[in-house]
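First the structure, in the form of structure tokens, and then the observations on it.
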Amino acid sequence: MKAHDGMYIDGAWRPAAGPGVIEVVNPADEQVIATVPAGTVEDVDAAVRAARAALPGWAATPPAERAARLAALRDVLVARQDEIAETVTAELGSPPKLSQTVHAGVPIAVTGSYAELAATYAFEERTGNSTVLHEPVGVVGAITPWNYPLHQIVAKTAPALAAGCTVVVKPAEDTPLVARLFAEAVHEAGIPAGVFNLVTGLGPVAGQALAEHPGVDLVSFTGSTAVGRRIGAIASGMVKKVALELGGKSANVILPGADLARAVNVGVANVMSNSGQTCSAWTRMLVHHDQYDEAVELAAAAAAKYGDRIGPLVSATQRDRVRGYIAKGVAEGARLAAGGPDSPHERGYYVSPTVFADVTPEMTIAQEEIFGPVLSVLRYTDEEDALRIANGTVYGLAGAVWAADETEAVAFARRMETGQVDINGGRFNPLAPFGGYKQSGVGRELGAHGLAEYLQTKSFQF
Ligand code: NAD
């Protein structure tokens with residue numbers, strides 16, 4: 001057990017203002033592996049002051065130099081990839097391969113993409129008799145969740161730094177260790193003092209203090225819709241800019257004529273990956289009634305194959321929440337085709353890969369985000385019915401469409417109220433904008449659209 005003290009503020013590890021600590025638990029064996037300081041209002045204030053003091057210098061740093069620092073940061077993340085992966089496995093419970101490829105790998109790709117964008121982006125443009133400047137928004141308060149702990153930090157920090165903003169990050173309390181590693185990487189990469197700051201702490205204390213701090217110009221939040229709503233209210237009350245990446249309940253629409261086995265298998269893999277703790281997971285599979293029974297059988301078999309291969313959920317609270325949803329699904333009349341509420345292990349916060357059949361659109365498990373390895377298979381009668389079901393939640397983050405040909409899939413996808421759609425198994429693209437329609441959020445992350453979130457315009461007329 002390692003007791004970490006200090007938070008990364010103004011380029012150094014500084015002791016916390018208060019004595020409080022947060023225990024970090026390995027969800028695979030329920031052992032406490034570390035403690036980190038529980039930051040207070042005072043720590044947040046020190047971090048925001050440091051970020052404000054560093055802002056003029058970093059904002060005036062030429063984009064090519066900011067790009068060079070981001071490239072150096074990417075190189076440190078590459079050099080420390082194994083350590084990052086091991087840390088995410090220890091605090092989140094994700095299987096080592098997933099930790100390597102996704103939890104450590106995607107942040108490298110995203111940091112690299114912003115090193116390139118910082119060097120090539122048009123921070124000045126001409127329109128008519130005007131010059132338009134794209135200037136940094138200022139100090140960013142970034143509040144992140146535990147599900148992709150490093151990715152969520154990097155998806156905010158890298159574009160913010162590319163834009164010339166300075167940052168204070170408050171990571172999720174369940175996964176602060178990889179956040180600390182990231183702060184070390186920032187330091188090693190030679191990013192100037194105060195440009196990036198890290199305050200660990202509880203959401204309602206340190207997170208709220210960051211959102212409310214008058215020295216923060218933009219609050220960028222990823223997490224639950226309930227907390228996002230609060231943060232949106234705080235930010236609008238203070239006329240701050242705000243970006244919210246919230247929950248999802250995405251639809252995987254399998255049109256007749258699609259390769260059913262492939263669509264089902266990829267769909268199940270999408271939901272089970274990261275133990276279902278993915279906001280963009282396609283947790284509702286929509287199948288034509290003629291193919292429904294076959295799809296359920298395929299999905300149950302695919303889920304059973306995952307068996308022991310998926311990791312635990314992040315915490316006991318999350319496991320209990322997911323089990324509660326499984327019980328609710330059964331109580332509302334859905335049929336368990338695979339898995340169920342029983343844990344497959346004696347220790348650790350595990351939930352079996354679960355598939356529900358006979359799910360109807362109004363059931364709780366078809367409407368609310370479960371954030372666990374639970375797939376609902378719904379039947380539709382025709383395309384209009386499929387569209388109504390696909391669009392029939394308050395969310396709109398992601399989705400998938402499978403059809404015999406791409407044109408047919410695209411025609412359907414155009415009518416979906418959602419921010420991202422994978423067509424016939426399209427791959428993740430770190431340059432494509434990511435973010436939600438409806439209550440899935442406000443704003444976009446990744447690529448040039450993600451960079452634009454951290455810029456504001458000024459125009460000169462000549
Ligand atoms: P959460 O909302 O409980 O916590 C997210 C962050 O907010 C944490 O750092 C937490 O400490 C902080 N927080 C909590 N209460 C706060 C408050 N009152 N004021 C300020 N900060 C506060 O969410 P979670 O349980 O950590 O994450 C799971 C949720 O995140 C899911 O609903 C998921 O869909 C969502 N999510 C969305 C995306 C996306 O990009 N749209 C990505 C990942 C996760």
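If you're wondering about the labels, chains in the structure tokens are A, B, ... by order shown, residues count from 1 in each chain, ligands from 1 in order shown.
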Sorted by chain and rising residue number, which residues of region 189-227 of chain A lie within 7 Å of region 133-149 of chain A, and what are their closest atom pairs and distances in Å to one decimal, counting only C-alpha atoms, as a Markdown table?
```
| residue | atom | partner | partner_atom | distance |
| --- | --- | --- | --- | --- |
| A:Gly207 | CA | A:Ile143 | CA | 6.5 |
| A:Leu210 | CA | A:Gly141 | CA | 6.1 |
| A:Ala211 | CA | A:Gly141 | CA | 6.7 |
| A:Val216 | CA | A:Val139 | CA | 5.1 |
| A:Asp217 | CA | A:Val139 | CA | 5.3 |
| A:Leu218 | CA | A:Val140 | CA | 4.9 |
| A:Val219 | CA | A:Gly141 | CA | 4.8 |
| A:Ser220 | CA | A:Ala142 | CA | 4.8 |
| A:Phe221 | CA | A:Ile143 | CA | 4.8 |
| A:Thr222 | CA | A:Thr144 | CA | 5.2 |
| A:Gly223 | CA | A:Pro145 | CA | 5.4 |
```
How would the residues just chosen look if you wrote them out with N, CA, C and O atoms as a PDB file, in the first residue's frame?
```
ATOM      1  N   GLY A 207     -14.344  18.825  -6.788  1.00  0.00           N
ATOM      2  CA  GLY A 207     -14.955  19.024  -8.107  1.00  0.00           C
ATOM      3  C   GLY A 207     -15.834  20.259  -8.125  1.00  0.00           C
ATOM      4  O   GLY A 207     -15.737  21.110  -9.010  1.00  0.00           O
ATOM      5  N   LEU A 210     -13.925  23.490  -8.003  1.00  0.00           N
ATOM      6  CA  LEU A 210     -13.325  23.827  -9.300  1.00  0.00           C
ATOM      7  C   LEU A 210     -14.378  24.437 -10.232  1.00  0.00           C
ATOM      8  O   LEU A 210     -14.129  25.460 -10.879  1.00  0.00           O
ATOM      9  N   ALA A 211     -15.557  23.814 -10.270  1.00  0.00           N
ATOM     10  CA  ALA A 211     -16.619  24.343 -11.147  1.00  0.00           C
ATOM     11  C   ALA A 211     -17.023  25.754 -10.729  1.00  0.00           C
ATOM     12  O   ALA A 211     -17.330  26.597 -11.565  1.00  0.00           O
ATOM     13  N   VAL A 216     -11.849  30.115 -13.118  1.00  0.00           N
ATOM     14  CA  VAL A 216     -11.967  29.113 -14.191  1.00  0.00           C
ATOM     15  C   VAL A 216     -12.877  29.683 -15.278  1.00  0.00           C
ATOM     16  O   VAL A 216     -13.990  30.120 -15.001  1.00  0.00           O
ATOM     17  N   ASP A 217     -12.407  29.664 -16.528  1.00  0.00           N
ATOM     18  CA  ASP A 217     -13.184  30.237 -17.633  1.00  0.00           C
ATOM     19  C   ASP A 217     -14.067  29.211 -18.322  1.00  0.00           C
ATOM     20  O   ASP A 217     -15.102  29.553 -18.880  1.00  0.00           O
ATOM     21  N   LEU A 218     -13.618  27.961 -18.329  1.00  0.00           N
ATOM     22  CA  LEU A 218     -14.367  26.892 -19.006  1.00  0.00           C
ATOM     23  C   LEU A 218     -14.345  25.659 -18.123  1.00  0.00           C
ATOM     24  O   LEU A 218     -13.271  25.225 -17.683  1.00  0.00           O
ATOM     25  N   VAL A 219     -15.519  25.110 -17.856  1.00  0.00           N
ATOM     26  CA  VAL A 219     -15.590  23.850 -17.119  1.00  0.00           C
ATOM     27  C   VAL A 219     -15.870  22.759 -18.132  1.00  0.00           C
ATOM     28  O   VAL A 219     -16.867  22.818 -18.864  1.00  0.00           O
ATOM     29  N   SER A 220     -14.981  21.776 -18.198  1.00  0.00           N
ATOM     30  CA  SER A 220     -15.191  20.648 -19.097  1.00  0.00           C
ATOM     31  C   SER A 220     -15.395  19.414 -18.237  1.00  0.00           C
ATOM     32  O   SER A 220     -14.509  19.011 -17.483  1.00  0.00           O
ATOM     33  N   PHE A 221     -16.581  18.834 -18.345  1.00  0.00           N
ATOM     34  CA  PHE A 221     -16.971  17.755 -17.439  1.00  0.00           C
ATOM     35  C   PHE A 221     -17.343  16.504 -18.238  1.00  0.00           C
ATOM     36  O   PHE A 221     -18.065  16.596 -19.235  1.00  0.00           O
ATOM     37  N   THR A 222     -16.866  15.360 -17.803  1.00  0.00           N
ATOM     38  CA  THR A 222     -17.369  14.089 -18.319  1.00  0.00           C
ATOM     39  C   THR A 222     -17.812  13.261 -17.129  1.00  0.00           C
ATOM     40  O   THR A 222     -17.070  13.109 -16.160  1.00  0.00           O
ATOM     41  N   GLY A 223     -19.019  12.736 -17.219  1.00  0.00           N
ATOM     42  CA  GLY A 223     -19.536  11.938 -16.116  1.00  0.00           C
ATOM     43  C   GLY A 223     -21.024  11.747 -16.266  1.00  0.00           C
ATOM     44  O   GLY A 223     -21.560  11.769 -17.384  1.00  0.00           O
TER      45      GLY A 223
END
```
Practice prompt. Collect all residues with atoms no farther than 9 Å from ligand 1, counting only C-alpha atoms and all ligand atoms, and output them as a PyMOL selection string.
Written response: chain A and resi 142-149+152+169-174+200-212+221-228+230-231+244-249+277-280+318+369-371+397+434-436+440-441+444-445
- Report the residues of region 77-156 of chain A whose backbone DSSP state falls under alpha helix (DSSP H), written as a PyMOL selection string. chain A and resi 77-79+81-92+96-98+105-120+149-156
Let's have the selection written as a short mmCIF file (atom, residue, chain, number, x, y, z; two decimals), in the first residue's frame, with N, CA and C atoms.
```cif
data_model
loop_
_atom_site.label_atom_id
_atom_site.label_comp_id
_atom_site.auth_asym_id
_atom_site.auth_seq_id
_atom_site.Cartn_x
_atom_site.Cartn_y
_atom_site.Cartn_z
N LEU A 77 4.54 9.30 -22.74
CA LEU A 77 3.44 8.32 -22.56
C LEU A 77 3.81 6.99 -23.24
N VAL A 78 4.51 7.07 -24.36
CA VAL A 78 4.97 5.83 -25.04
C VAL A 78 5.98 5.12 -24.14
N ALA A 79 6.94 5.87 -23.61
CA ALA A 79 7.99 5.27 -22.78
C ALA A 79 7.40 4.64 -21.52
N GLN A 81 4.27 3.41 -21.21
CA GLN A 81 3.02 2.72 -21.56
C GLN A 81 2.74 1.52 -20.63
N ASP A 82 3.78 0.72 -20.34
CA ASP A 82 3.56 -0.48 -19.50
C ASP A 82 3.11 -0.08 -18.10
N GLU A 83 3.78 0.94 -17.56
CA GLU A 83 3.46 1.40 -16.21
C GLU A 83 2.02 1.96 -16.16
N ILE A 84 1.64 2.68 -17.23
CA ILE A 84 0.28 3.22 -17.30
C ILE A 84 -0.72 2.08 -17.33
N ALA A 85 -0.45 1.09 -18.19
CA ALA A 85 -1.38 -0.05 -18.32
C ALA A 85 -1.52 -0.79 -16.99
N GLU A 86 -0.40 -1.02 -16.32
CA GLU A 86 -0.45 -1.73 -15.03
C GLU A 86 -1.24 -0.93 -13.99
N THR A 87 -1.07 0.35 -14.02
CA THR A 87 -1.77 1.20 -13.04
C THR A 87 -3.28 1.17 -13.30
N VAL A 88 -3.68 1.24 -14.57
CA VAL A 88 -5.12 1.22 -14.88
C VAL A 88 -5.70 -0.15 -14.50
N THR A 89 -4.95 -1.21 -14.76
CA THR A 89 -5.43 -2.54 -14.36
C THR A 89 -5.62 -2.60 -12.84
N ALA A 90 -4.69 -2.02 -12.11
CA ALA A 90 -4.76 -2.09 -10.64
C ALA A 90 -5.93 -1.29 -10.08
N GLU A 91 -6.21 -0.12 -10.64
CA GLU A 91 -7.24 0.72 -10.00
C GLU A 91 -8.62 0.60 -10.65
N LEU A 92 -8.65 0.20 -11.94
CA LEU A 92 -9.94 0.06 -12.63
C LEU A 92 -10.35 -1.40 -12.76
N PRO A 96 -5.29 -6.84 -18.65
CA PRO A 96 -4.02 -6.23 -19.09
C PRO A 96 -3.99 -5.86 -20.57
N LYS A 97 -4.56 -6.69 -21.43
CA LYS A 97 -4.48 -6.39 -22.86
C LYS A 97 -5.28 -5.11 -23.19
N LEU A 98 -6.45 -4.99 -22.60
CA LEU A 98 -7.28 -3.80 -22.83
C LEU A 98 -6.56 -2.55 -22.27
N GLY A 105 -2.98 3.05 -24.87
CA GLY A 105 -2.73 3.29 -26.29
C GLY A 105 -3.48 4.49 -26.85
N VAL A 106 -4.77 4.61 -26.53
CA VAL A 106 -5.56 5.71 -27.12
C VAL A 106 -5.03 7.08 -26.67
N PRO A 107 -4.67 7.27 -25.40
CA PRO A 107 -4.11 8.58 -25.02
C PRO A 107 -2.85 8.95 -25.80
N ILE A 108 -2.07 7.95 -26.18
CA ILE A 108 -0.87 8.24 -27.00
C ILE A 108 -1.32 8.78 -28.36
N ALA A 109 -2.30 8.10 -28.96
CA ALA A 109 -2.80 8.54 -30.28
C ALA A 109 -3.40 9.95 -30.19
N VAL A 110 -4.16 10.19 -29.13
CA VAL A 110 -4.85 11.49 -29.00
C VAL A 110 -3.83 12.61 -28.74
N THR A 111 -2.87 12.34 -27.87
CA THR A 111 -1.84 13.36 -27.61
C THR A 111 -1.07 13.65 -28.90
N GLY A 112 -0.74 12.60 -29.64
CA GLY A 112 -0.05 12.77 -30.92
C GLY A 112 -0.87 13.58 -31.91
N SER A 113 -2.18 13.32 -31.92
CA SER A 113 -3.04 14.04 -32.88
C SER A 113 -3.05 15.54 -32.55
N TYR A 114 -3.00 15.89 -31.27
CA TYR A 114 -3.00 17.32 -30.91
C TYR A 114 -1.62 17.96 -31.07
N ALA A 115 -0.57 17.15 -31.00
CA ALA A 115 0.75 17.71 -31.34
C ALA A 115 0.72 18.15 -32.81
N GLU A 116 0.12 17.32 -33.66
CA GLU A 116 0.03 17.67 -35.09
C GLU A 116 -0.92 18.84 -35.32
N LEU A 117 -2.07 18.79 -34.67
CA LEU A 117 -3.06 19.87 -34.88
C LEU A 117 -2.54 21.22 -34.41
N ALA A 118 -1.84 21.22 -33.28
CA ALA A 118 -1.30 22.50 -32.77
C ALA A 118 -0.36 23.11 -33.80
N ALA A 119 0.37 22.25 -34.50
CA ALA A 119 1.35 22.75 -35.48
C ALA A 119 0.70 23.21 -36.77
N THR A 120 -0.48 22.68 -37.08
CA THR A 120 -1.05 22.94 -38.42
C THR A 120 -2.34 23.75 -38.39
N PRO A 149 -9.85 6.22 -17.52
CA PRO A 149 -9.34 7.28 -16.65
C PRO A 149 -8.29 8.17 -17.29
N LEU A 150 -7.38 7.59 -18.09
CA LEU A 150 -6.37 8.45 -18.70
C LEU A 150 -6.93 9.11 -19.96
N HIS A 151 -7.66 8.35 -20.74
CA HIS A 151 -8.23 8.93 -21.96
C HIS A 151 -9.06 10.18 -21.65
N GLN A 152 -9.87 10.10 -20.62
CA GLN A 152 -10.75 11.24 -20.31
C GLN A 152 -9.94 12.48 -19.94
N ILE A 153 -8.82 12.27 -19.26
CA ILE A 153 -7.96 13.41 -18.90
C ILE A 153 -7.28 13.96 -20.15
N VAL A 154 -6.78 13.07 -20.99
CA VAL A 154 -6.05 13.49 -22.19
C VAL A 154 -6.98 14.14 -23.21
N ALA A 155 -8.20 13.63 -23.32
CA ALA A 155 -9.15 14.20 -24.31
C ALA A 155 -9.52 15.64 -23.98
N LYS A 156 -9.26 16.06 -22.74
CA LYS A 156 -9.47 17.47 -22.36
C LYS A 156 -8.14 18.24 -22.34
#
```
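Candidate residues A:Tyr349, A:Phe356, A:Tyr121, A:Tyr395 were compared for distance to Gly447 (chain A), and the nearest is A:Tyr121, using only C-alpha atoms.
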Between CA of Ala432 (chain A) and CA of Ala251 (chain A) lies a distance of 19.1 Å
query: Neighbours of Ala404 (chain A) within 10 Å (only C-alpha atoms; same-chain residues fewer than 6 positions away dropped), as a VMD selection string?
result: chain A and resid 254 to 260 424
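Going from CA of Met363 (chain A) over to CA of Gln439 (chain A), you cover 18.6 Å.
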Q: Do a neighbour search on region 297-301 of chain A at 8 Å with only C-alpha atoms, toss out local chain neighbours closer than 5 positions, and write the hits as a list in words.
A: Ala261, Val264, Asn265, Val268, Ala337, Ala338, Thr354 and Val355 of chain A
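Picture a line from CA of Leu446 (chain A) to CA of Ala47 (chain A); it runs 25.0 Å.
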Applying 7 Å and only C-alpha atoms, which residues near Asp422 (chain A) remain after dropping the ones on its own chain fewer than 4 positions away? List them as a VMD selection string. chain A and resid 399 to 401 426
Can you list, as a PyMOL selection string, every residue of region 136-325 of chain A that DSSP puts in strand (DSSP E)?
-> chain A and resi 136+139-143+166-170+196-198+218-222+241-245+251-254+284-288
If you count only C-alpha atoms, the residue of A:Met7, A:Val266, A:Leu198, A:Val322 closest to Arg427 (chain A) turns out to be A:Val266
Can you list, as an NGL selection string, every protein, DNA or RNA residue that comes within 9 Å of Pro27 (chain A) when you count only C-alpha atoms, leaving out same-chain residues fewer than 2 positions away?
:A and (25 or 29-31 or 90-93 or 311-316 or 347-350)
